[in-house]
file query.cif (mmCIF, C-alpha atoms, pLDDT in the B column; chains and numbers go by the auth columns)
data_work
#
loop_
_atom_site.group_PDB
_atom_site.id
_atom_site.type_symbol
_atom_site.label_atom_id
_atom_site.label_comp_id
_atom_site.label_asym_id
_atom_site.label_seq_id
_atom_site.Cartn_x
_atom_site.Cartn_y
_atom_site.Cartn_z
_atom_site.B_iso_or_equiv
_atom_site.auth_seq_id
_atom_site.auth_asym_id
ATOM 1 C CA MET A 1 -14.351 6.514 15.075 90.00 730 H
ATOM 2 C CA LYS A 2 -11.373 5.421 12.928 95.00 731 H
ATOM 3 C CA ARG A 3 -13.316 2.521 11.384 96.00 732 H
ATOM 4 C CA ALA A 4 -16.299 4.769 10.584 97.00 733 H
ATOM 5 C CA PHE A 5 -13.980 7.372 9.018 97.00 734 H
ATOM 6 C CA ASP A 6 -12.224 4.664 6.968 98.00 735 H
ATOM 7 C CA PHE A 7 -15.528 3.216 5.781 98.00 736 H
ATOM 8 C CA ILE A 8 -17.038 6.551 4.737 98.00 737 H
ATOM 9 C CA VAL A 9 -13.885 7.875 3.043 97.00 738 H
ATOM 10 C CA SER A 10 -13.224 4.605 1.179 98.00 739 H
ATOM 11 C CA LEU A 11 -16.841 4.320 0.002 98.00 740 H
ATOM 12 C CA LEU A 12 -16.950 7.936 -1.212 98.00 741 H
ATOM 13 C CA SER A 13 -13.518 7.560 -2.835 97.00 742 H
ATOM 14 C CA ILE A 14 -14.596 4.434 -4.714 98.00 743 H
ATOM 15 C CA ILE A 15 -17.687 6.242 -6.006 98.00 744 H
ATOM 16 C CA ILE A 16 -15.790 9.411 -6.983 98.00 745 H
ATOM 17 C CA LEU A 17 -12.866 7.528 -8.515 97.00 746 H
ATOM 18 C CA SER A 18 -14.975 4.952 -10.369 97.00 747 H
ATOM 19 C CA PRO A 19 -14.321 6.636 -13.762 98.00 748 H
ATOM 20 C CA LEU A 20 -10.568 6.406 -13.086 97.00 749 H
ATOM 21 C CA PHE A 21 -10.961 2.742 -12.070 97.00 750 H
ATOM 22 C CA LEU A 22 -12.696 2.111 -15.401 97.00 751 H
ATOM 23 C CA VAL A 23 -10.064 3.929 -17.495 97.00 752 H
ATOM 24 C CA VAL A 24 -7.158 2.198 -15.731 97.00 753 H
ATOM 25 C CA SER A 25 -8.874 -1.180 -16.080 97.00 754 H
ATOM 26 C CA LEU A 26 -9.373 -0.634 -19.811 96.00 755 H
ATOM 27 C CA LEU A 27 -5.757 0.482 -20.290 95.00 756 H
ATOM 28 C CA ILE A 28 -4.410 -2.581 -18.479 95.00 757 H
ATOM 29 C CA LEU A 29 -6.738 -4.842 -20.449 94.00 758 H
ATOM 30 C CA ALA A 30 -5.815 -3.263 -23.803 93.00 759 H
ATOM 31 C CA TRP A 31 -2.048 -2.999 -23.272 91.00 760 H
ATOM 32 C CA ASP A 32 -1.219 -5.788 -20.854 87.00 761 H
ATOM 33 C CA GLY A 33 -4.119 -8.233 -20.925 88.00 762 H
ATOM 34 C CA THR A 34 -5.654 -9.984 -17.994 92.00 763 H
ATOM 35 C CA PRO A 35 -5.848 -10.079 -15.071 94.00 764 H
ATOM 36 C CA ILE A 36 -6.517 -6.436 -14.324 95.00 765 H
ATOM 37 C CA LEU A 37 -6.257 -6.796 -10.567 95.00 766 H
ATOM 38 C CA PHE A 38 -3.354 -8.259 -8.676 93.00 767 H
ATOM 39 C CA ARG A 39 -4.208 -10.232 -5.549 94.00 768 H
ATOM 40 C CA GLN A 40 -1.590 -11.064 -2.967 94.00 769 H
ATOM 41 C CA GLU A 41 -1.527 -12.460 0.537 95.00 770 H
ATOM 42 C CA ARG A 42 -0.360 -9.949 3.128 96.00 771 H
ATOM 43 C CA VAL A 43 0.044 -9.948 6.890 97.00 772 H
ATOM 44 C CA GLY A 44 -2.609 -7.925 8.700 97.00 773 H
ATOM 45 C CA LYS A 45 -3.652 -7.095 12.226 97.00 774 H
ATOM 46 C CA ASN A 46 -2.585 -9.698 14.803 96.00 775 H
ATOM 47 C CA GLY A 47 -0.605 -11.493 12.076 95.00 776 H
ATOM 48 C CA LYS A 48 -3.755 -12.607 10.254 97.00 777 H
ATOM 49 C CA ILE A 49 -3.257 -13.248 6.530 97.00 778 H
ATOM 50 C CA PHE A 50 -5.585 -11.435 4.134 98.00 779 H
ATOM 51 C CA THR A 51 -5.754 -10.720 0.394 97.00 780 H
ATOM 52 C CA VAL A 52 -4.738 -7.253 -0.770 97.00 781 H
ATOM 53 C CA TYR A 53 -5.938 -5.839 -4.091 97.00 782 H
ATOM 54 C CA LYS A 54 -3.939 -3.654 -6.465 96.00 783 H
ATOM 55 C CA PHE A 55 -3.976 -2.862 -10.153 96.00 784 H
ATOM 56 C CA ARG A 56 -1.574 -5.286 -11.838 93.00 785 H
ATOM 57 C CA THR A 57 1.736 -3.631 -12.700 92.00 786 H
ATOM 58 C CA MET A 58 3.945 -6.684 -13.193 90.00 787 H
ATOM 59 C CA LYS A 59 3.969 -9.184 -16.033 85.00 788 H
ATOM 60 C CA ASN A 60 2.163 -12.471 -15.423 78.00 789 H
ATOM 61 C CA GLY A 61 4.057 -15.329 -13.805 66.00 790 H
ATOM 62 C CA ILE A 62 6.394 -13.260 -11.629 67.00 791 H
ATOM 63 C CA GLY A 63 5.426 -15.028 -8.411 61.00 792 H
ATOM 64 C CA ASP A 64 4.675 -13.893 -4.897 60.00 793 H
ATOM 65 C CA VAL A 65 7.767 -11.866 -4.022 57.00 794 H
ATOM 66 C CA ALA A 66 8.474 -8.297 -3.030 58.00 795 H
ATOM 67 C CA THR A 67 9.518 -6.137 -5.986 57.00 796 H
ATOM 68 C CA SER A 68 12.728 -5.264 -4.141 55.00 797 H
ATOM 69 C CA ASP A 69 13.650 -8.979 -4.169 54.00 798 H
ATOM 70 C CA LEU A 70 13.375 -9.305 -7.961 55.00 799 H
ATOM 71 C CA ASN A 71 16.350 -9.250 -10.300 61.00 800 H
ATOM 72 C CA ASN A 72 15.825 -6.703 -13.089 66.00 801 H
ATOM 73 C CA ALA A 73 12.460 -5.637 -11.666 64.00 802 H
ATOM 74 C CA ASP A 74 12.154 -2.861 -14.274 71.00 803 H
ATOM 75 C CA GLU A 75 12.010 -5.485 -17.029 76.00 804 H
ATOM 76 C CA LYS A 76 9.092 -7.188 -15.300 79.00 805 H
ATOM 77 C CA ILE A 77 6.898 -4.092 -15.055 87.00 806 H
ATOM 78 C CA THR A 78 4.083 -3.843 -17.604 89.00 807 H
ATOM 79 C CA ARG A 79 3.542 -0.971 -20.049 85.00 808 H
ATOM 80 C CA THR A 80 1.008 0.661 -17.738 89.00 809 H
ATOM 81 C CA GLY A 81 2.793 -0.455 -14.586 90.00 810 H
ATOM 82 C CA LYS A 82 5.469 2.255 -14.452 88.00 811 H
ATOM 83 C CA LEU A 83 2.905 5.064 -14.615 89.00 812 H
ATOM 84 C CA LEU A 84 0.585 3.351 -12.143 93.00 813 H
ATOM 85 C CA ARG A 85 3.425 2.849 -9.665 89.00 814 H
ATOM 86 C CA THR A 86 4.936 6.344 -9.885 86.00 815 H
ATOM 87 C CA THR A 87 1.502 7.913 -9.382 88.00 816 H
ATOM 88 C CA SER A 88 0.463 5.296 -6.769 89.00 817 H
ATOM 89 C CA ILE A 89 -2.714 4.658 -8.782 95.00 818 H
ATOM 90 C CA ASP A 90 -1.928 0.938 -8.547 95.00 819 H
ATOM 91 C CA GLU A 91 -2.815 1.167 -4.836 95.00 820 H
ATOM 92 C CA LEU A 92 -6.379 2.451 -5.348 97.00 821 H
ATOM 93 C CA PRO A 93 -8.091 -0.985 -5.316 98.00 822 H
ATOM 94 C CA GLN A 94 -6.994 -1.181 -1.674 98.00 823 H
ATOM 95 C CA LEU A 95 -9.963 1.100 -1.018 98.00 824 H
ATOM 96 C CA PHE A 96 -11.975 -2.140 -1.187 98.00 825 H
ATOM 97 C CA ASN A 97 -9.711 -3.613 1.510 98.00 826 H
ATOM 98 C CA ILE A 98 -10.442 -0.549 3.624 98.00 827 H
ATOM 99 C CA LEU A 99 -14.157 -0.893 2.950 97.00 828 H
ATOM 100 C CA ASN A 100 -14.132 -4.533 4.130 97.00 829 H
ATOM 101 C CA GLY A 101 -12.042 -3.710 7.220 97.00 830 H
ATOM 102 C CA THR A 102 -8.866 -5.669 6.435 97.00 831 H
ATOM 103 C CA MET A 103 -7.009 -2.371 5.979 98.00 832 H
ATOM 104 C CA SER A 104 -7.251 1.206 7.179 98.00 833 H
ATOM 105 C CA LEU A 105 -6.468 4.425 5.354 98.00 834 H
ATOM 106 C CA VAL A 106 -3.484 4.921 7.663 98.00 835 H
ATOM 107 C CA GLY A 107 -1.350 2.312 9.395 97.00 836 H
ATOM 108 C CA PRO A 108 1.789 0.287 8.778 97.00 837 H
ATOM 109 C CA ARG A 109 1.876 -1.008 5.191 95.00 838 H
ATOM 110 C CA PRO A 110 0.968 -4.713 4.983 96.00 839 H
ATOM 111 C CA LEU A 111 3.855 -6.966 4.026 94.00 840 H
ATOM 112 C CA ILE A 112 3.988 -10.266 2.199 93.00 841 H
ATOM 113 C CA PRO A 113 4.617 -13.229 4.534 94.00 842 H
ATOM 114 C CA SER A 114 8.090 -13.961 3.090 91.00 843 H
ATOM 115 C CA GLU A 115 9.577 -10.640 4.273 90.00 844 H
ATOM 116 C CA THR A 116 10.907 -12.310 7.427 89.00 845 H
ATOM 117 C CA GLU A 117 13.479 -9.714 8.522 91.00 846 H
ATOM 118 C CA ILE A 118 10.988 -6.887 8.871 92.00 847 H
ATOM 119 C CA HIS A 119 8.293 -9.208 10.283 92.00 848 H
ATOM 120 C CA GLU A 120 10.619 -10.050 13.170 94.00 849 H
ATOM 121 C CA LEU A 121 11.173 -6.360 13.829 94.00 850 H
ATOM 122 C CA ARG A 122 7.458 -5.613 13.618 95.00 851 H
ATOM 123 C CA ASN A 123 6.674 -8.426 16.054 93.00 852 H
ATOM 124 C CA LYS A 124 9.326 -7.059 18.425 95.00 853 H
ATOM 125 C CA TYR A 125 7.769 -3.571 18.215 96.00 854 H
ATOM 126 C CA ASN A 126 4.120 -4.743 18.483 95.00 855 H
ATOM 127 C CA VAL A 127 3.281 -3.298 15.062 96.00 856 H
ATOM 128 C CA TYR A 128 0.765 -6.044 14.287 97.00 857 H
ATOM 129 C CA SER A 129 -1.476 -4.771 17.085 97.00 858 H
ATOM 130 C CA VAL A 130 -2.967 -2.275 14.597 97.00 859 H
ATOM 131 C CA THR A 131 -4.725 -2.594 11.244 98.00 860 H
ATOM 132 C CA PRO A 132 -2.378 -2.114 8.281 98.00 861 H
ATOM 133 C CA GLY A 133 -2.849 0.961 6.133 97.00 862 H
ATOM 134 C CA MET A 134 -2.898 2.127 2.555 97.00 863 H
ATOM 135 C CA THR A 135 -0.344 4.711 3.685 96.00 864 H
ATOM 136 C CA GLY A 136 1.661 5.075 6.834 96.00 865 H
ATOM 137 C CA TRP A 137 4.245 6.964 8.827 97.00 866 H
ATOM 138 C CA ALA A 138 7.113 5.042 7.188 95.00 867 H
ATOM 139 C CA GLN A 139 5.754 5.827 3.715 92.00 868 H
ATOM 140 C CA VAL A 140 5.802 9.579 4.299 94.00 869 H
ATOM 141 C CA ASN A 141 9.251 9.401 5.911 94.00 870 H
ATOM 142 C CA GLY A 142 11.246 7.660 3.210 88.00 871 H
ATOM 143 C CA ARG A 143 9.096 4.872 1.741 78.00 872 H
ATOM 144 C CA ASP A 144 11.414 2.940 -0.599 78.00 873 H
ATOM 145 C CA ASN A 145 14.541 4.837 0.466 86.00 874 H
ATOM 146 C CA ILE A 146 14.862 3.632 4.064 91.00 875 H
ATOM 147 C CA THR A 147 16.048 0.401 5.636 92.00 876 H
ATOM 148 C CA ASN A 148 13.768 -2.265 7.073 92.00 877 H
ATOM 149 C CA GLU A 149 14.993 -1.307 10.566 94.00 878 H
ATOM 150 C CA LYS A 150 14.021 2.344 9.996 95.00 879 H
ATOM 151 C CA LYS A 151 10.628 1.322 8.571 94.00 880 H
ATOM 152 C CA ALA A 152 9.942 -0.890 11.587 95.00 881 H
ATOM 153 C CA LEU A 153 10.949 1.905 13.990 96.00 882 H
ATOM 154 C CA LEU A 154 8.649 4.343 12.185 97.00 883 H
ATOM 155 C CA ASP A 155 5.845 1.752 12.309 97.00 884 H
ATOM 156 C CA LYS A 156 6.490 1.402 16.066 97.00 885 H
ATOM 157 C CA GLU A 157 6.326 5.189 16.429 97.00 886 H
ATOM 158 C CA TYR A 158 2.995 5.193 14.587 98.00 887 H
ATOM 159 C CA VAL A 159 1.575 2.542 16.936 97.00 888 H
ATOM 160 C CA GLU A 160 2.673 4.588 19.947 97.00 889 H
ATOM 161 C CA LYS A 161 1.430 7.962 18.636 97.00 890 H
ATOM 162 C CA GLN A 162 -1.653 6.957 16.672 95.00 891 H
ATOM 163 C CA SER A 163 -4.596 9.325 16.879 96.00 892 H
ATOM 164 C CA PHE A 164 -7.162 10.764 14.509 96.00 893 H
ATOM 165 C CA MET A 165 -5.147 13.972 14.069 97.00 894 H
ATOM 166 C CA PHE A 166 -1.920 12.036 13.456 98.00 895 H
ATOM 167 C CA ASP A 167 -3.741 10.024 10.759 97.00 896 H
ATOM 168 C CA ILE A 168 -4.980 13.254 9.139 97.00 897 H
ATOM 169 C CA LYS A 169 -1.419 14.623 9.159 97.00 898 H
ATOM 170 C CA ILE A 170 -0.153 11.439 7.468 97.00 899 H
ATOM 171 C CA LEU A 171 -2.926 11.594 4.849 96.00 900 H
ATOM 172 C CA PHE A 172 -1.987 15.178 3.930 95.00 901 H
ATOM 173 C CA MET A 173 1.712 14.278 3.859 95.00 902 H
ATOM 174 C CA THR A 174 0.860 11.323 1.585 93.00 903 H
ATOM 175 C CA VAL A 175 -0.893 13.588 -0.900 92.00 904 H
ATOM 176 C CA GLY A 176 2.248 15.765 -1.023 90.00 905 H
ATOM 177 C CA LYS A 177 4.529 12.758 -1.529 87.00 906 H
ATOM 178 C CA VAL A 178 2.315 11.324 -4.293 86.00 907 H
ATOM 179 C CA LEU A 179 2.093 14.652 -6.113 85.00 908 H
ATOM 180 C CA LYS A 180 5.889 15.067 -5.914 82.00 909 H
ATOM 181 C CA ARG A 181 6.383 11.362 -6.757 73.00 910 H
ATOM 182 C CA SER A 182 9.087 11.227 -4.121 65.00 911 H
ATOM 183 C CA ASP A 183 10.749 8.234 -2.440 58.00 912 H
ATOM 184 C CA ILE A 184 9.595 5.767 -5.132 58.00 913 H
ATOM 185 C CA LYS A 185 12.097 3.294 -6.588 56.00 914 H
ATOM 186 C CA ASN A 186 9.792 1.308 -8.937 49.00 915 H
#

call {"tool": "encode", "arguments": {"input": "query.cif", "output": "structure tokens"}}
result
Amino acid sequence: MKRAFDFIVSLLSIIILSPLFLVVSLLILAWDGTPILFRQERVGKNGKIFTVYKFRTMKNGIGDVATSDLNNADEKITRTGKLLRTTSIDELPQLFNILNGTMSLVGPRPLIPSETEIHELRNKYNVYSVTPGMTGWAQVNGRDNITNEKKALLDKEYVEKQSFMFDIKILFMTVGKVLKRSDIKN
């Protein structure tokens, strides 16, 4: 049921949001050049590596590192990047990841392979037994303002409590967080 829900919601969202995709793509192209999309390897279900898609918010040539690991990250964000990040619009291309099944609407956020500390915690807590999500329990309970240990514990809690109704609750909480622009550092 979860996969069917993810597929239908992501497909309808892509169709409905296609004008926004076009406008954002044109803004990135006009102000920041190419590429429009950012592709990055992330760790998915059962530790399998997959490519995640986002609108590009960083200048070219930054490398494959977490934003939190960058020195002077604010200086590396593009003209459109700040707005896209604070509104979470940069995440919308992940709807294609949901459509192809590498991600779900709700689940632990996929990490880049180099984030070893939290990967160890996630392995310990069996977090990689579920499909990663566009949003998750950790994102609505602190997002950028909590430690890796707390994120991993919240991801563990999600794995233990996951259900359709819990996912719906997280989706509604996500909408509230995005509208308030809370718990976002960059």

call {"tool": "atom_distance", "arguments": {"input": "query.cif", "atom1": "atom CA of Lys885 of chain H", "atom2": "atom CA of Arg768 of chain H"}}
result
26.8 Å

call {"tool": "residues_around", "arguments": {"input": "query.cif", "residues": "segment 820-837 of chain H", "least_positions_apart": "4", "cutoff": "8 Å", "atoms": "all atoms listed in the file", "output": "compact mmCIF listing (two decimals) with C-alpha atoms, in the coordinates of the input"}}
result
# COMPACT_ATOMS: atom_id res chain seq x y z
CA ARG H 732 -13.32 2.52 11.38
CA ASP H 735 -12.22 4.66 6.97
CA PHE H 736 -15.53 3.22 5.78
CA SER H 739 -13.22 4.61 1.18
CA LEU H 740 -16.84 4.32 0.00
CA SER H 742 -13.52 7.56 -2.84
CA ILE H 743 -14.60 4.43 -4.71
CA GLY H 773 -2.61 -7.92 8.70
CA LYS H 774 -3.65 -7.10 12.23
CA PHE H 779 -5.58 -11.44 4.13
CA VAL H 781 -4.74 -7.25 -0.77
CA TYR H 782 -5.94 -5.84 -4.09
CA LYS H 783 -3.94 -3.65 -6.46
CA PHE H 784 -3.98 -2.86 -10.15
CA VAL H 856 3.28 -3.30 15.06
CA VAL H 859 -2.97 -2.28 14.60
CA THR H 860 -4.72 -2.59 11.24
CA PRO H 861 -2.38 -2.11 8.28
CA GLY H 862 -2.85 0.96 6.13
CA MET H 863 -2.90 2.13 2.56
CA THR H 864 -0.34 4.71 3.68
CA GLY H 865 1.66 5.08 6.83
CA TRP H 866 4.24 6.96 8.83
CA ALA H 867 7.11 5.04 7.19
CA ASP H 884 5.84 1.75 12.31
CA TYR H 887 3.00 5.19 14.59
CA ASP H 896 -3.74 10.02 10.76
CA ILE H 899 -0.15 11.44 7.47
CA LEU H 900 -2.93 11.59 4.85

call {"tool": "atom_distance", "arguments": {"input": "query.cif", "atom1": "atom CA of Leu756 of chain H", "atom2": "atom CA of Arg910 of chain H"}}
result
21.2 Å

call {"tool": "resolve_selection", "arguments": {"input": "query.cif", "expression": "the PyMOL selection byres ((chain H and resi 883) around 12)", "output": "number ranges by chain"}}
result
H: 836-838, 847, 850-851, 854-856, 865-872, 875-882, 884-891

call {"tool": "residues_near_point", "arguments": {"input": "query.cif", "point": "(6.8, -5.6, -11.8)", "cutoff": "6 Å", "atoms": "only C-alpha atoms", "output": "list in words"}}
result
Thr786, Met787, Ala802, Lys805 and Ile806 of chain H

call {"tool": "atom_distance", "arguments": {"input": "query.cif", "atom1": "atom CA of Pro839 of chain H", "atom2": "atom CA of Trp760 of chain H"}}
result
28.5 Å

call {"tool": "decode", "arguments": {"input": "query.cif", "residues": "segment 875-900 of chain H", "atoms": "N, CA, C and O atoms", "output": "PDB file, in the first residue's frame"}}
result
ATOM      1  N   ILE H 875      19.522  19.176  15.415  1.00  0.00           N
ATOM      2  CA  ILE H 875      19.723  18.074  16.349  1.00  0.00           C
ATOM      3  C   ILE H 875      21.004  17.314  15.994  1.00  0.00           C
ATOM      4  O   ILE H 875      21.484  17.398  14.864  1.00  0.00           O
ATOM      5  N   THR H 876      21.521  16.603  16.945  1.00  0.00           N
ATOM      6  CA  THR H 876      22.769  15.864  16.747  1.00  0.00           C
ATOM      7  C   THR H 876      22.532  14.625  15.882  1.00  0.00           C
ATOM      8  O   THR H 876      21.399  14.170  15.720  1.00  0.00           O
ATOM      9  N   ASN H 877      23.625  14.079  15.368  1.00  0.00           N
ATOM     10  CA  ASN H 877      23.535  12.836  14.600  1.00  0.00           C
ATOM     11  C   ASN H 877      22.946  11.713  15.446  1.00  0.00           C
ATOM     12  O   ASN H 877      22.168  10.904  14.949  1.00  0.00           O
ATOM     13  N   GLU H 878      23.326  11.650  16.711  1.00  0.00           N
ATOM     14  CA  GLU H 878      22.792  10.613  17.621  1.00  0.00           C
ATOM     15  C   GLU H 878      21.271  10.743  17.729  1.00  0.00           C
ATOM     16  O   GLU H 878      20.543   9.760  17.631  1.00  0.00           O
ATOM     17  N   LYS H 879      20.786  11.967  17.916  1.00  0.00           N
ATOM     18  CA  LYS H 879      19.340  12.196  18.040  1.00  0.00           C
ATOM     19  C   LYS H 879      18.637  11.846  16.723  1.00  0.00           C
ATOM     20  O   LYS H 879      17.562  11.228  16.734  1.00  0.00           O
ATOM     21  N   LYS H 880      19.229  12.241  15.595  1.00  0.00           N
ATOM     22  CA  LYS H 880      18.637  11.894  14.297  1.00  0.00           C
ATOM     23  C   LYS H 880      18.525  10.383  14.144  1.00  0.00           C
ATOM     24  O   LYS H 880      17.484   9.868  13.719  1.00  0.00           O
ATOM     25  N   ALA H 881      19.601   9.673  14.478  1.00  0.00           N
ATOM     26  CA  ALA H 881      19.599   8.216  14.336  1.00  0.00           C
ATOM     27  C   ALA H 881      18.563   7.574  15.262  1.00  0.00           C
ATOM     28  O   ALA H 881      17.891   6.618  14.872  1.00  0.00           O
ATOM     29  N   LEU H 882      18.414   8.107  16.464  1.00  0.00           N
ATOM     30  CA  LEU H 882      17.399   7.570  17.393  1.00  0.00           C
ATOM     31  C   LEU H 882      15.988   7.831  16.865  1.00  0.00           C
ATOM     32  O   LEU H 882      15.103   6.972  16.981  1.00  0.00           O
ATOM     33  N   LEU H 883      15.773   9.007  16.281  1.00  0.00           N
ATOM     34  CA  LEU H 883      14.463   9.301  15.697  1.00  0.00           C
ATOM     35  C   LEU H 883      14.210   8.422  14.472  1.00  0.00           C
ATOM     36  O   LEU H 883      13.078   7.956  14.259  1.00  0.00           O
ATOM     37  N   ASP H 884      15.248   8.177  13.674  1.00  0.00           N
ATOM     38  CA  ASP H 884      15.112   7.256  12.537  1.00  0.00           C
ATOM     39  C   ASP H 884      14.765   5.852  13.022  1.00  0.00           C
ATOM     40  O   ASP H 884      13.917   5.170  12.440  1.00  0.00           O
ATOM     41  N   LYS H 885      15.398   5.418  14.103  1.00  0.00           N
ATOM     42  CA  LYS H 885      15.105   4.106  14.712  1.00  0.00           C
ATOM     43  C   LYS H 885      13.642   4.066  15.164  1.00  0.00           C
ATOM     44  O   LYS H 885      12.932   3.074  14.936  1.00  0.00           O
ATOM     45  N   GLU H 886      13.192   5.131  15.805  1.00  0.00           N
ATOM     46  CA  GLU H 886      11.809   5.208  16.266  1.00  0.00           C
ATOM     47  C   GLU H 886      10.848   5.109  15.077  1.00  0.00           C
ATOM     48  O   GLU H 886       9.817   4.426  15.157  1.00  0.00           O
ATOM     49  N   TYR H 887      11.196   5.776  13.974  1.00  0.00           N
ATOM     50  CA  TYR H 887      10.357   5.684  12.779  1.00  0.00           C
ATOM     51  C   TYR H 887      10.256   4.234  12.301  1.00  0.00           C
ATOM     52  O   TYR H 887       9.161   3.740  12.006  1.00  0.00           O
ATOM     53  N   VAL H 888      11.398   3.551  12.215  1.00  0.00           N
ATOM     54  CA  VAL H 888      11.410   2.164  11.749  1.00  0.00           C
ATOM     55  C   VAL H 888      10.510   1.303  12.637  1.00  0.00           C
ATOM     56  O   VAL H 888       9.742   0.466  12.138  1.00  0.00           O
ATOM     57  N   GLU H 889      10.560   1.531  13.925  1.00  0.00           N
ATOM     58  CA  GLU H 889       9.776   0.735  14.871  1.00  0.00           C
ATOM     59  C   GLU H 889       8.287   1.068  14.834  1.00  0.00           C
ATOM     60  O   GLU H 889       7.448   0.202  15.067  1.00  0.00           O
ATOM     61  N   LYS H 890       7.939   2.312  14.553  1.00  0.00           N
ATOM     62  CA  LYS H 890       6.538   2.756  14.611  1.00  0.00           C
ATOM     63  C   LYS H 890       5.872   2.908  13.252  1.00  0.00           C
ATOM     64  O   LYS H 890       4.689   3.255  13.201  1.00  0.00           O
ATOM     65  N   GLN H 891       6.603   2.671  12.169  1.00  0.00           N
ATOM     66  CA  GLN H 891       6.077   3.027  10.858  1.00  0.00           C
ATOM     67  C   GLN H 891       4.722   2.378  10.573  1.00  0.00           C
ATOM     68  O   GLN H 891       4.476   1.217  10.867  1.00  0.00           O
ATOM     69  N   SER H 892       3.855   3.200  10.026  1.00  0.00           N
ATOM     70  CA  SER H 892       2.516   2.788   9.603  1.00  0.00           C
ATOM     71  C   SER H 892       2.004   3.866   8.651  1.00  0.00           C
ATOM     72  O   SER H 892       2.563   4.962   8.569  1.00  0.00           O
ATOM     73  N   PHE H 893       0.942   3.563   7.964  1.00  0.00           N
ATOM     74  CA  PHE H 893       0.366   4.528   7.030  1.00  0.00           C
ATOM     75  C   PHE H 893      -0.057   5.804   7.768  1.00  0.00           C
ATOM     76  O   PHE H 893       0.232   6.912   7.322  1.00  0.00           O
ATOM     77  N   MET H 894      -0.687   5.648   8.924  1.00  0.00           N
ATOM     78  CA  MET H 894      -1.161   6.822   9.667  1.00  0.00           C
ATOM     79  C   MET H 894       0.007   7.642  10.233  1.00  0.00           C
ATOM     80  O   MET H 894      -0.060   8.867  10.285  1.00  0.00           O
ATOM     81  N   PHE H 895       1.078   6.966  10.638  1.00  0.00           N
ATOM     82  CA  PHE H 895       2.260   7.673  11.121  1.00  0.00           C
ATOM     83  C   PHE H 895       2.876   8.477   9.975  1.00  0.00           C
ATOM     84  O   PHE H 895       3.274   9.638  10.153  1.00  0.00           O
ATOM     85  N   ASP H 896       2.926   7.886   8.775  1.00  0.00           N
ATOM     86  CA  ASP H 896       3.429   8.604   7.599  1.00  0.00           C
ATOM     87  C   ASP H 896       2.575   9.837   7.300  1.00  0.00           C
ATOM     88  O   ASP H 896       3.113  10.903   7.002  1.00  0.00           O
ATOM     89  N   ILE H 897       1.271   9.699   7.384  1.00  0.00           N
ATOM     90  CA  ILE H 897       0.364  10.836   7.136  1.00  0.00           C
ATOM     91  C   ILE H 897       0.631  11.940   8.157  1.00  0.00           C
ATOM     92  O   ILE H 897       0.701  13.127   7.808  1.00  0.00           O
ATOM     93  N   LYS H 898       0.796  11.558   9.419  1.00  0.00           N
ATOM     94  CA  LYS H 898       1.106  12.535  10.469  1.00  0.00           C
ATOM     95  C   LYS H 898       2.397  13.286  10.132  1.00  0.00           C
ATOM     96  O   LYS H 898       2.454  14.515  10.236  1.00  0.00           O
ATOM     97  N   ILE H 899       3.431  12.554   9.711  1.00  0.00           N
ATOM     98  CA  ILE H 899       4.711  13.176   9.376  1.00  0.00           C
ATOM     99  C   ILE H 899       4.567  14.104   8.171  1.00  0.00           C
ATOM    100  O   ILE H 899       5.142  15.195   8.151  1.00  0.00           O
ATOM    101  N   LEU H 900       3.777  13.703   7.177  1.00  0.00           N
ATOM    102  CA  LEU H 900       3.561  14.564   6.010  1.00  0.00           C
ATOM    103  C   LEU H 900       2.904  15.882   6.413  1.00  0.00           C
ATOM    104  O   LEU H 900       3.320  16.953   5.968  1.00  0.00           O
TER     105      LEU H 900
END
